[in-house]
Amino acid sequence: MQVQVGHGSITLVQGDITHQDVDAIVNAANKTLLGGGGVDGAIHQAAGPELLAECKRIRKEVLGGAYVETAQPVMTNGYRLKARHVIHVVGPICGIDPHPDRLLAAAYRNCLQLAAEAGLKSVAFPSISTGAFGCDVRWASRIALGTIVDFLRGVDATGADDKEAVERSEPAEKSGLRARDATASHHGPGGIAEVRMVLFTRADYDVYVEALEAVLAEG
Ligand code: AR6
C-alpha cells in the first residue's frame, strides 16, 4: 500500500527490513547499541561485523561508555546492507517506561529529522517496540503512522509534553552524544520523499493498513 502525504509518500510493505533498498533503515535497538535479537540481530547479521565495530566505537568515543537514551537516534553506515545508513533508535519498553506514547512518537520523529538533516530521501522503519519491548501493535501503529503523517505534512508535533517525557526518561548524567534533541523545534520534512514501514508478518501489515486508513481519515 502506498499513499501520498504532503510532498512525500508512505509505503507499507510486508517483508524483511534488511533487504530494503533505501537511503537508511531504522534499527529498533537497545540502550547498549551493541546488538540484540529481533530486528536488531537481523540487521547486524546482514550488515556484517563492521556495523558492530562502528557501534562500539560510538559507545566508547562519542558516548563515553554511556547508554543511548530512549528516542535519541544514532546514525551509522550500512556496510553490507543495500541501505547506505542505519539509524539506531531505542523505543520505549511498554509497562516499564513512563509515557511510552510520547517516547514512541519522539523515536519516529527524531529519526525522520535526523534523516532529513542528513539529506536522505528514503527511510524504512520496522515496527519499533512491538516485539521484545512488548508494546501492542495496534496502539504502536497509530502512533507510528500519525507521527510520520505529521512529519510529511510539516506539522510541528513537538511540544512541552514531549519535552517532559523525554527529559524524564534520560539519566541525570548526559552523554556527549545528543544525536537529536527531541525537544528542538521541527525542521520540516526536508527532502524525504518516501517513508516505508516494513512489517515482518502479514498480521502486522494488516494492522498497519487499517491504522493508516484511520489516521488519514482523521485528517
Ligand atoms: N525485518 C522487519 N521487521 C522485523 C525483522 C526484520 N528482519 N525481524 C523482526 N522484525 P523487536 P523491539 C519485527 O523485538 O520490540 C532487540 O533484542 C518484529 O516482528 O526486534 O523494539 C533489541 O536489541 C517486531 O514487529 O524490537 C532490543 O533489546 C518488530 O520488528 C529489543 O529487541 C520489533 O521487534 C527491542 O525491542
# chains A, B, ... in the order shown; residues from 1 in each chain; ligands from 1

$ residues_around --residues "range 47-51 of chain A" --least-positions-apart "3" --cutoff "9 Å" --atoms "only C-alpha atoms" --output "ChimeraX atom specification"
/A:18,42-44,54-56,76-82,86

$ write_last_selection --atoms "all heavy atoms" --output "compact mmCIF listing (two decimals), in the first residue's frame"
# COMPACT_ATOMS: atom_id res chain seq x y z
N THR A 18 16.04 -5.79 6.26
CA THR A 18 17.45 -5.86 5.82
C THR A 18 17.57 -5.90 4.30
O THR A 18 18.66 -5.72 3.77
CB THR A 18 18.18 -7.09 6.42
OG1 THR A 18 17.58 -8.28 5.91
CG2 THR A 18 18.13 -7.08 7.94
N ALA A 42 18.94 -9.19 13.21
CA ALA A 42 18.89 -9.41 11.76
C ALA A 42 19.71 -8.34 11.03
O ALA A 42 20.43 -8.64 10.06
CB ALA A 42 17.44 -9.38 11.28
N ILE A 43 19.62 -7.10 11.49
CA ILE A 43 20.37 -6.01 10.84
C ILE A 43 21.87 -6.19 11.03
O ILE A 43 22.66 -6.07 10.08
CB ILE A 43 19.88 -4.63 11.35
CG1 ILE A 43 18.47 -4.35 10.81
CG2 ILE A 43 20.85 -3.52 10.96
CD1 ILE A 43 17.79 -3.12 11.40
N HIS A 44 22.29 -6.52 12.23
CA HIS A 44 23.73 -6.75 12.46
C HIS A 44 24.23 -7.94 11.65
O HIS A 44 25.33 -7.90 11.08
CB HIS A 44 24.01 -6.94 13.95
CG HIS A 44 24.18 -5.63 14.68
ND1 HIS A 44 25.38 -4.96 14.73
CD2 HIS A 44 23.29 -4.85 15.34
CE1 HIS A 44 25.23 -3.83 15.41
NE2 HIS A 44 23.96 -3.74 15.80
N GLU A 54 31.53 -0.22 14.46
CA GLU A 54 31.22 1.22 14.50
C GLU A 54 30.38 1.56 15.73
O GLU A 54 30.60 2.59 16.38
CB GLU A 54 30.49 1.67 13.22
CG GLU A 54 30.28 3.19 13.22
CD GLU A 54 29.66 3.76 11.95
OE1 GLU A 54 29.44 3.02 10.97
OE2 GLU A 54 29.38 4.98 11.97
N CYS A 55 29.42 0.69 16.05
CA CYS A 55 28.58 0.93 17.24
C CYS A 55 29.44 0.95 18.51
O CYS A 55 29.25 1.79 19.39
CB CYS A 55 27.50 -0.14 17.35
SG CYS A 55 26.20 0.03 16.12
N LYS A 56 30.37 0.05 18.59
CA LYS A 56 31.27 0.01 19.75
C LYS A 56 32.08 1.29 19.85
O LYS A 56 32.29 1.84 20.93
CB LYS A 56 32.24 -1.19 19.64
CG LYS A 56 31.60 -2.50 20.05
CD LYS A 56 32.64 -3.62 20.02
CE LYS A 56 32.05 -4.91 20.54
NZ LYS A 56 32.86 -6.08 20.15
N THR A 76 24.70 5.30 11.68
CA THR A 76 25.96 4.65 11.27
C THR A 76 25.89 4.35 9.77
O THR A 76 24.85 4.55 9.14
CB THR A 76 26.16 3.30 11.99
OG1 THR A 76 25.11 2.41 11.59
CG2 THR A 76 26.17 3.45 13.50
N ASN A 77 26.96 3.79 9.27
CA ASN A 77 26.96 3.29 7.90
C ASN A 77 26.15 1.98 7.83
O ASN A 77 25.89 1.36 8.86
CB ASN A 77 28.39 3.03 7.44
CG ASN A 77 29.16 4.33 7.29
OD1 ASN A 77 28.66 5.29 6.72
ND2 ASN A 77 30.37 4.36 7.84
N GLY A 78 25.84 1.59 6.59
CA GLY A 78 25.06 0.37 6.39
C GLY A 78 25.90 -0.84 6.03
O GLY A 78 25.39 -1.96 6.00
N TYR A 79 27.17 -0.62 5.69
CA TYR A 79 28.10 -1.70 5.35
C TYR A 79 27.53 -2.66 4.30
O TYR A 79 27.23 -2.23 3.21
CB TYR A 79 28.58 -2.40 6.63
CG TYR A 79 29.27 -1.40 7.53
CD1 TYR A 79 28.62 -0.81 8.60
CD2 TYR A 79 30.55 -0.97 7.23
CE1 TYR A 79 29.22 0.17 9.38
CE2 TYR A 79 31.18 0.02 7.99
CZ TYR A 79 30.51 0.57 9.06
OH TYR A 79 31.11 1.54 9.81
N ARG A 80 27.28 -3.92 4.64
CA ARG A 80 26.88 -4.88 3.60
C ARG A 80 25.38 -4.81 3.24
O ARG A 80 24.92 -5.59 2.41
CB ARG A 80 27.23 -6.30 4.04
CG ARG A 80 28.73 -6.46 4.25
CD ARG A 80 29.12 -7.82 4.78
NE ARG A 80 30.44 -7.76 5.39
CZ ARG A 80 31.04 -8.77 5.98
NH1 ARG A 80 30.44 -9.96 6.04
NH2 ARG A 80 32.25 -8.62 6.50
N LEU A 81 24.68 -3.92 3.87
CA LEU A 81 23.26 -3.73 3.53
C LEU A 81 23.13 -2.95 2.22
O LEU A 81 24.05 -2.21 1.84
CB LEU A 81 22.56 -2.94 4.64
CG LEU A 81 22.44 -3.60 5.99
CD1 LEU A 81 22.09 -2.56 7.05
CD2 LEU A 81 21.40 -4.71 5.95
N LYS A 82 21.96 -3.06 1.60
CA LYS A 82 21.70 -2.19 0.44
C LYS A 82 21.57 -0.75 0.91
O LYS A 82 21.93 0.19 0.20
CB LYS A 82 20.39 -2.61 -0.23
CG LYS A 82 20.51 -3.84 -1.10
CD LYS A 82 19.19 -4.09 -1.82
CE LYS A 82 19.18 -5.48 -2.41
NZ LYS A 82 17.82 -5.99 -2.59
N VAL A 86 22.31 3.10 8.68
CA VAL A 86 21.38 2.55 9.66
C VAL A 86 21.19 3.63 10.73
O VAL A 86 22.16 4.22 11.21
CB VAL A 86 21.93 1.27 10.33
CG1 VAL A 86 20.94 0.74 11.37
CG2 VAL A 86 22.23 0.19 9.29

$ residues_around --residues "Glu210 in chain A" --least-positions-apart "6" --cutoff "10 Å" --atoms "only C-alpha atoms" --output "list in words"
Arg138, Ser141, Arg142 and Asp204 of chain A

$ write_last_selection --atoms "C-alpha atoms" --output "PDB file, in the first residue's frame"
ATOM      1  CA  ARG A 138      -2.417  -1.644  17.145  1.00  0.00           C
ATOM      2  CA  SER A 141       0.784   1.542  14.566  1.00  0.00           C
ATOM      3  CA  ARG A 142      -1.415   4.580  15.253  1.00  0.00           C
ATOM      4  CA  ASP A 204       1.214  -6.725  11.428  1.00  0.00           C
TER       5      ASP A 204
END

$ residues_near_ligand --ligand "ligand 1" --cutoff "9 Å" --atoms "only C-alpha atoms and all ligand atoms" --output "short mmCIF file (atom, residue, chain, number, x, y, z; two decimals) with N, CA, C and O atoms, in the first residue's frame"
data_model
loop_
_atom_site.label_atom_id
_atom_site.label_comp_id
_atom_site.auth_asym_id
_atom_site.auth_seq_id
_atom_site.Cartn_x
_atom_site.Cartn_y
_atom_site.Cartn_z
N GLN A 14 5.03 -5.76 3.54
CA GLN A 14 5.37 -6.89 4.39
C GLN A 14 6.72 -7.39 3.92
O GLN A 14 6.92 -7.60 2.72
N GLY A 15 7.66 -7.58 4.84
CA GLY A 15 8.96 -8.07 4.39
C GLY A 15 10.02 -7.95 5.46
O GLY A 15 9.73 -7.76 6.64
N ASP A 16 11.26 -8.07 4.96
CA ASP A 16 12.44 -8.06 5.83
C ASP A 16 13.15 -6.72 5.62
O ASP A 16 13.53 -6.38 4.50
N ILE A 17 13.35 -5.99 6.69
CA ILE A 17 13.92 -4.65 6.55
C ILE A 17 15.36 -4.69 6.03
O ILE A 17 15.82 -3.74 5.40
N THR A 18 16.04 -5.79 6.26
CA THR A 18 17.45 -5.86 5.82
C THR A 18 17.57 -5.90 4.30
O THR A 18 18.66 -5.72 3.77
N HIS A 19 16.47 -6.17 3.60
CA HIS A 19 16.51 -6.24 2.13
C HIS A 19 16.12 -4.93 1.46
O HIS A 19 16.11 -4.87 0.23
N ASN A 27 16.92 0.84 12.92
CA ASN A 27 17.08 -0.33 13.78
C ASN A 27 16.40 -0.10 15.12
O ASN A 27 16.66 0.91 15.78
N ALA A 28 15.55 -1.04 15.53
CA ALA A 28 14.94 -0.98 16.87
C ALA A 28 15.97 -1.55 17.85
O ALA A 28 16.01 -2.75 18.14
N ALA A 29 16.82 -0.66 18.34
CA ALA A 29 18.00 -1.06 19.10
C ALA A 29 17.70 -1.10 20.60
O ALA A 29 16.56 -0.90 21.04
N ASN A 30 18.72 -1.38 21.37
CA ASN A 30 18.61 -1.23 22.84
C ASN A 30 19.68 -0.24 23.29
O ASN A 30 20.51 0.21 22.50
N LYS A 31 19.66 0.07 24.58
CA LYS A 31 20.48 1.17 25.09
C LYS A 31 21.98 0.92 25.00
O LYS A 31 22.77 1.85 25.10
N THR A 32 22.36 -0.35 24.82
CA THR A 32 23.79 -0.63 24.71
C THR A 32 24.33 -0.31 23.32
O THR A 32 25.52 -0.14 23.14
N LEU A 33 23.45 -0.30 22.34
CA LEU A 33 23.81 -0.11 20.93
C LEU A 33 24.66 -1.28 20.40
O LEU A 33 25.21 -1.21 19.30
N LEU A 34 24.75 -2.33 21.15
CA LEU A 34 25.68 -3.40 20.77
C LEU A 34 24.98 -4.64 20.22
O LEU A 34 25.53 -5.75 20.27
N GLY A 35 23.78 -4.46 19.69
CA GLY A 35 23.08 -5.57 19.06
C GLY A 35 22.19 -6.31 20.03
O GLY A 35 22.19 -6.04 21.23
N GLY A 36 21.41 -7.22 19.49
CA GLY A 36 20.46 -7.98 20.31
C GLY A 36 19.73 -8.96 19.43
O GLY A 36 20.27 -9.42 18.42
N GLY A 37 18.49 -9.27 19.79
CA GLY A 37 17.69 -10.19 18.98
C GLY A 37 16.81 -9.42 18.02
O GLY A 37 17.08 -8.27 17.71
N GLY A 38 15.75 -10.07 17.56
CA GLY A 38 14.76 -9.43 16.71
C GLY A 38 15.36 -8.74 15.49
O GLY A 38 16.30 -9.24 14.87
N VAL A 39 14.81 -7.58 15.19
CA VAL A 39 15.26 -6.87 14.00
C VAL A 39 16.70 -6.37 14.18
O VAL A 39 17.48 -6.31 13.21
N ASP A 40 17.08 -6.07 15.40
CA ASP A 40 18.46 -5.64 15.71
C ASP A 40 19.45 -6.74 15.31
O ASP A 40 20.45 -6.48 14.61
N GLY A 41 19.15 -7.96 15.72
CA GLY A 41 20.02 -9.09 15.38
C GLY A 41 20.09 -9.29 13.87
O GLY A 41 21.17 -9.53 13.31
N ALA A 42 18.94 -9.19 13.21
CA ALA A 42 18.89 -9.41 11.76
C ALA A 42 19.71 -8.34 11.03
O ALA A 42 20.43 -8.64 10.06
N ILE A 43 19.62 -7.10 11.49
CA ILE A 43 20.37 -6.01 10.84
C ILE A 43 21.87 -6.19 11.03
O ILE A 43 22.66 -6.07 10.08
N VAL A 89 17.70 3.42 16.94
CA VAL A 89 16.91 4.16 17.93
C VAL A 89 16.30 3.17 18.92
O VAL A 89 15.92 2.06 18.55
N VAL A 90 16.26 3.59 20.17
CA VAL A 90 15.67 2.76 21.22
C VAL A 90 14.24 3.22 21.45
O VAL A 90 14.00 4.39 21.75
N GLY A 91 13.30 2.32 21.28
CA GLY A 91 11.90 2.64 21.56
C GLY A 91 11.59 2.42 23.04
O GLY A 91 12.42 1.89 23.79
N PRO A 92 10.39 2.82 23.47
CA PRO A 92 10.01 2.60 24.87
C PRO A 92 9.75 1.13 25.16
O PRO A 92 9.38 0.37 24.27
N ILE A 93 9.95 0.76 26.41
CA ILE A 93 9.57 -0.58 26.87
C ILE A 93 8.19 -0.44 27.51
O ILE A 93 8.04 0.29 28.52
N PHE A 125 11.33 1.94 8.26
CA PHE A 125 11.21 1.64 9.69
C PHE A 125 10.66 0.23 9.90
O PHE A 125 9.74 -0.17 9.18
N PRO A 126 11.11 -0.44 10.95
CA PRO A 126 10.38 -1.62 11.42
C PRO A 126 9.31 -1.12 12.41
O PRO A 126 9.26 0.08 12.70
N SER A 127 8.52 -2.00 12.93
CA SER A 127 7.51 -1.62 13.92
C SER A 127 8.19 -1.59 15.29
O SER A 127 8.24 -2.57 16.03
N ILE A 128 8.71 -0.40 15.62
CA ILE A 128 9.54 -0.22 16.83
C ILE A 128 8.74 -0.57 18.09
O ILE A 128 7.56 -0.21 18.21
N SER A 129 9.39 -1.28 18.99
CA SER A 129 8.87 -1.60 20.35
C SER A 129 7.76 -2.65 20.39
O SER A 129 7.23 -2.92 21.46
N THR A 130 7.41 -3.23 19.24
CA THR A 130 6.28 -4.18 19.27
C THR A 130 6.72 -5.64 19.33
O THR A 130 5.89 -6.54 19.19
N GLY A 131 8.00 -5.87 19.54
CA GLY A 131 8.50 -7.23 19.73
C GLY A 131 8.91 -7.41 21.18
O GLY A 131 8.07 -7.40 22.09
N ALA A 132 10.20 -7.50 21.41
CA ALA A 132 10.73 -7.72 22.77
C ALA A 132 10.31 -6.62 23.75
O ALA A 132 10.19 -6.88 24.95
N PHE A 133 10.06 -5.43 23.26
CA PHE A 133 9.71 -4.32 24.16
C PHE A 133 8.22 -4.26 24.50
O PHE A 133 7.77 -3.37 25.23
N GLY A 134 7.47 -5.22 23.96
CA GLY A 134 6.15 -5.53 24.50
C GLY A 134 4.99 -4.59 24.24
O GLY A 134 3.96 -4.68 24.91
N CYS A 135 5.13 -3.68 23.29
CA CYS A 135 4.02 -2.75 23.05
C CYS A 135 3.01 -3.38 22.09
O CYS A 135 3.37 -4.15 21.19
N VAL A 137 0.71 -3.80 19.04
CA VAL A 137 0.97 -3.36 17.66
C VAL A 137 -0.11 -2.40 17.16
O VAL A 137 0.18 -1.47 16.39
N MET A 197 7.20 1.65 5.94
CA MET A 197 7.08 0.81 7.12
C MET A 197 7.19 -0.63 6.64
O MET A 197 6.42 -1.07 5.78
N VAL A 198 8.14 -1.37 7.19
CA VAL A 198 8.35 -2.76 6.78
C VAL A 198 7.87 -3.67 7.89
O VAL A 198 8.49 -3.74 8.97
N LEU A 199 6.75 -4.32 7.63
CA LEU A 199 6.14 -5.19 8.65
C LEU A 199 6.53 -6.64 8.39
O LEU A 199 6.44 -7.12 7.25
N PHE A 200 6.97 -7.26 9.45
CA PHE A 200 7.57 -8.59 9.30
C PHE A 200 6.51 -9.67 9.04
O PHE A 200 6.80 -10.66 8.38
N THR A 201 5.32 -9.48 9.58
CA THR A 201 4.29 -10.51 9.41
C THR A 201 3.09 -9.94 8.67
O THR A 201 2.85 -8.73 8.68
N ASP A 204 0.79 -8.10 11.12
CA ASP A 204 1.21 -6.72 11.43
C ASP A 204 0.94 -5.80 10.24
O ASP A 204 0.53 -4.65 10.41
#

$ closest_residue --among "A:Ala53, A:Ile58, A:Ile192, A:Leu152" --to "Glu117 in chain A" --atoms "only C-alpha atoms"
A:Ile192

$ closest_atom_pairs --of "range 10-52 of chain A" --to "range 100-114 of chain A" --cutoff "10 Å" --atoms "only C-alpha atoms" --output "CSV"
residue,atom,partner,partner_atom,distance
A:Ala24,CA,A:Cys111,CA,9.9
A:Ile25,CA,A:Cys111,CA,9.9
A:Val26,CA,A:Cys111,CA,7.7
A:Ala28,CA,A:Ala107,CA,9.7

$ write_last_selection --atoms "all heavy atoms" --output "mmCIF file, in the first residue's frame"
data_model
loop_
_atom_site.group_PDB
_atom_site.id
_atom_site.type_symbol
_atom_site.label_atom_id
_atom_site.label_comp_id
_atom_site.auth_asym_id
_atom_site.auth_seq_id
_atom_site.Cartn_x
_atom_site.Cartn_y
_atom_site.Cartn_z
ATOM 1 N N ALA A 24 18.250 4.872 4.230
ATOM 2 C CA ALA A 24 18.519 4.430 5.606
ATOM 3 C C ALA A 24 17.432 3.488 6.082
ATOM 4 O O ALA A 24 16.255 3.697 5.787
ATOM 5 C CB ALA A 24 18.589 5.627 6.551
ATOM 6 N N ILE A 25 17.848 2.465 6.810
ATOM 7 C CA ILE A 25 16.873 1.658 7.544
ATOM 8 C C ILE A 25 17.043 1.981 9.027
ATOM 9 O O ILE A 25 18.147 2.318 9.484
ATOM 10 C CB ILE A 25 17.014 0.138 7.294
ATOM 11 C CG1 ILE A 25 18.373 -0.399 7.756
ATOM 12 C CG2 ILE A 25 16.753 -0.201 5.838
ATOM 13 C CD1 ILE A 25 18.442 -1.936 7.760
ATOM 14 N N VAL A 26 15.935 1.899 9.748
ATOM 15 C CA VAL A 26 15.963 2.175 11.181
ATOM 16 C C VAL A 26 16.060 0.844 11.922
ATOM 17 O O VAL A 26 15.391 -0.129 11.580
ATOM 18 C CB VAL A 26 14.703 2.970 11.605
ATOM 19 C CG1 VAL A 26 14.640 3.118 13.123
ATOM 20 C CG2 VAL A 26 14.711 4.344 10.925
ATOM 21 N N ALA A 28 15.548 -1.043 15.533
ATOM 22 C CA ALA A 28 14.935 -0.985 16.872
ATOM 23 C C ALA A 28 15.965 -1.552 17.849
ATOM 24 O O ALA A 28 16.006 -2.746 18.138
ATOM 25 C CB ALA A 28 13.648 -1.806 16.896
#

$ atom_distance --atom1 "CA of Gln4 in chain A" --atom2 "CA of Gln20 in chain A"
19.6 Å

$ closest_residue --among "A:Glu213, A:Asp136, A:Asp206, A:Glu194" --to "Phe151 in chain A" --atoms "only C-alpha atoms"
A:Glu194

$ select_by_dssp --residues "range 1-198 of chain A" --states "strand (DSSP E)" --output "PDB file with C-alpha atoms, in the first residue's frame"
ATOM      1  CA  GLN A   2       1.293   3.475  -0.888  1.00  0.00           C
ATOM      2  CA  VAL A   3      -0.241   6.878  -0.236  1.00  0.00           C
ATOM      3  CA  GLN A   4       0.905  10.411  -0.995  1.00  0.00           C
ATOM      4  CA  VAL A   5       1.210  12.658   2.034  1.00  0.00           C
ATOM      5  CA  GLY A   8       6.274  12.538   0.137  1.00  0.00           C
ATOM      6  CA  SER A   9       4.748   9.107   0.334  1.00  0.00           C
ATOM      7  CA  ILE A  10       4.161   6.448   2.923  1.00  0.00           C
ATOM      8  CA  THR A  11       4.586   2.853   1.811  1.00  0.00           C
ATOM      9  CA  LEU A  12       3.541  -0.175   3.816  1.00  0.00           C
ATOM     10  CA  VAL A  13       5.166  -3.472   2.869  1.00  0.00           C
ATOM     11  CA  GLN A  14       5.367  -6.891   4.391  1.00  0.00           C
ATOM     12  CA  ALA A  24      18.519   4.430   5.606  1.00  0.00           C
ATOM     13  CA  ILE A  25      16.873   1.658   7.544  1.00  0.00           C
ATOM     14  CA  VAL A  26      15.963   2.175  11.181  1.00  0.00           C
ATOM     15  CA  ASN A  27      17.076  -0.334  13.778  1.00  0.00           C
ATOM     16  CA  ALA A  28      14.935  -0.985  16.872  1.00  0.00           C
ATOM     17  CA  ALA A  29      17.995  -1.061  19.104  1.00  0.00           C
ATOM     18  CA  VAL A  74      22.355   7.449  16.250  1.00  0.00           C
ATOM     19  CA  MET A  75      23.328   7.042  12.596  1.00  0.00           C
ATOM     20  CA  THR A  76      25.957   4.647  11.273  1.00  0.00           C
ATOM     21  CA  ASN A  77      26.959   3.290   7.897  1.00  0.00           C
ATOM     22  CA  HIS A  85      22.901   4.057   6.558  1.00  0.00           C
ATOM     23  CA  VAL A  86      21.383   2.549   9.664  1.00  0.00           C
ATOM     24  CA  ILE A  87      19.617   4.823  12.139  1.00  0.00           C
ATOM     25  CA  HIS A  88      19.621   3.103  15.530  1.00  0.00           C
ATOM     26  CA  VAL A  89      16.911   4.163  17.934  1.00  0.00           C
ATOM     27  CA  VAL A  90      15.671   2.758  21.217  1.00  0.00           C
ATOM     28  CA  SER A 122      14.064   7.417   1.729  1.00  0.00           C
ATOM     29  CA  VAL A 123      13.816   5.806   5.157  1.00  0.00           C
ATOM     30  CA  ALA A 124      12.440   2.403   6.170  1.00  0.00           C
ATOM     31  CA  PHE A 125      11.208   1.640   9.691  1.00  0.00           C
ATOM     32  CA  GLU A 194       9.461   8.097   0.930  1.00  0.00           C
ATOM     33  CA  VAL A 195       8.879   6.693   4.384  1.00  0.00           C
ATOM     34  CA  ARG A 196       8.434   2.947   4.297  1.00  0.00           C
ATOM     35  CA  MET A 197       7.078   0.805   7.120  1.00  0.00           C
ATOM     36  CA  VAL A 198       8.355  -2.757   6.782  1.00  0.00           C
TER      37      VAL A 198
END

$ closest_residue --among "A:Ala83, A:Val68, A:Ala217, A:Ala211" --to "Ala144 in chain A" --atoms "only C-alpha atoms"
A:Ala211

$ decode --residues "range 102-125 of chain A" --atoms "N, CA and C atoms" --output "tab-separated table (two decimals), in the first residue's frame"
chain	number	residue	atom	x	y	z
A	102	ARG	N	4.47	9.07	24.09
A	102	ARG	CA	5.30	10.23	23.71
A	102	ARG	C	6.69	9.79	23.27
A	103	LEU	N	7.21	8.80	23.96
A	103	LEU	CA	8.56	8.32	23.61
A	103	LEU	C	8.56	7.65	22.24
A	104	LEU	N	7.51	6.89	21.94
A	104	LEU	CA	7.47	6.22	20.64
A	104	LEU	C	7.34	7.26	19.53
A	105	ALA	N	6.48	8.25	19.72
A	105	ALA	CA	6.35	9.31	18.73
A	105	ALA	C	7.67	10.05	18.55
A	106	ALA	N	8.35	10.33	19.66
A	106	ALA	CA	9.64	11.03	19.59
A	106	ALA	C	10.67	10.19	18.84
A	107	ALA	N	10.63	8.88	19.02
A	107	ALA	CA	11.58	8.00	18.33
A	107	ALA	C	11.41	8.12	16.82
A	108	TYR	N	10.17	8.02	16.35
A	108	TYR	CA	9.94	8.14	14.90
A	108	TYR	C	10.31	9.55	14.40
A	109	ARG	N	9.85	10.55	15.11
A	109	ARG	CA	10.07	11.94	14.67
A	109	ARG	C	11.56	12.27	14.63
A	110	ASN	N	12.29	11.86	15.65
A	110	ASN	CA	13.71	12.19	15.71
A	110	ASN	C	14.50	11.47	14.61
A	111	CYS	N	14.10	10.25	14.29
A	111	CYS	CA	14.75	9.54	13.17
A	111	CYS	C	14.50	10.27	11.86
A	112	LEU	N	13.28	10.72	11.66
A	112	LEU	CA	12.94	11.42	10.41
A	112	LEU	C	13.69	12.74	10.33
A	113	GLN	N	13.79	13.44	11.44
A	113	GLN	CA	14.51	14.72	11.43
A	113	GLN	C	15.99	14.50	11.15
A	114	LEU	N	16.55	13.48	11.78
A	114	LEU	CA	17.97	13.18	11.56
A	114	LEU	C	18.22	12.84	10.09
A	115	ALA	N	17.34	12.02	9.52
A	115	ALA	CA	17.47	11.63	8.11
A	115	ALA	C	17.34	12.86	7.20
A	116	ALA	N	16.37	13.71	7.51
A	116	ALA	CA	16.16	14.91	6.68
A	116	ALA	C	17.39	15.82	6.75
A	117	GLU	N	17.92	15.98	7.93
A	117	GLU	CA	19.09	16.84	8.10
A	117	GLU	C	20.32	16.28	7.39
A	118	ALA	N	20.35	14.95	7.24
A	118	ALA	CA	21.47	14.31	6.54
A	118	ALA	C	21.23	14.28	5.03
A	119	GLY	N	20.11	14.83	4.59
A	119	GLY	CA	19.82	14.90	3.16
A	119	GLY	C	19.32	13.59	2.57
A	120	LEU	N	18.85	12.68	3.41
A	120	LEU	CA	18.38	11.39	2.91
A	120	LEU	C	16.99	11.52	2.31
A	121	LYS	N	16.71	10.69	1.33
A	121	LYS	CA	15.43	10.77	0.61
A	121	LYS	C	14.45	9.67	1.00
A	122	SER	N	14.97	8.53	1.42
A	122	SER	CA	14.06	7.42	1.73
A	122	SER	C	14.52	6.72	3.00
A	123	VAL	N	13.54	6.42	3.85
A	123	VAL	CA	13.82	5.81	5.16
A	123	VAL	C	12.83	4.67	5.38
A	124	ALA	N	13.33	3.54	5.85
A	124	ALA	CA	12.44	2.40	6.17
A	124	ALA	C	12.50	2.12	7.67
A	125	PHE	N	11.33	1.94	8.26
A	125	PHE	CA	11.21	1.64	9.69
A	125	PHE	C	10.66	0.23	9.90
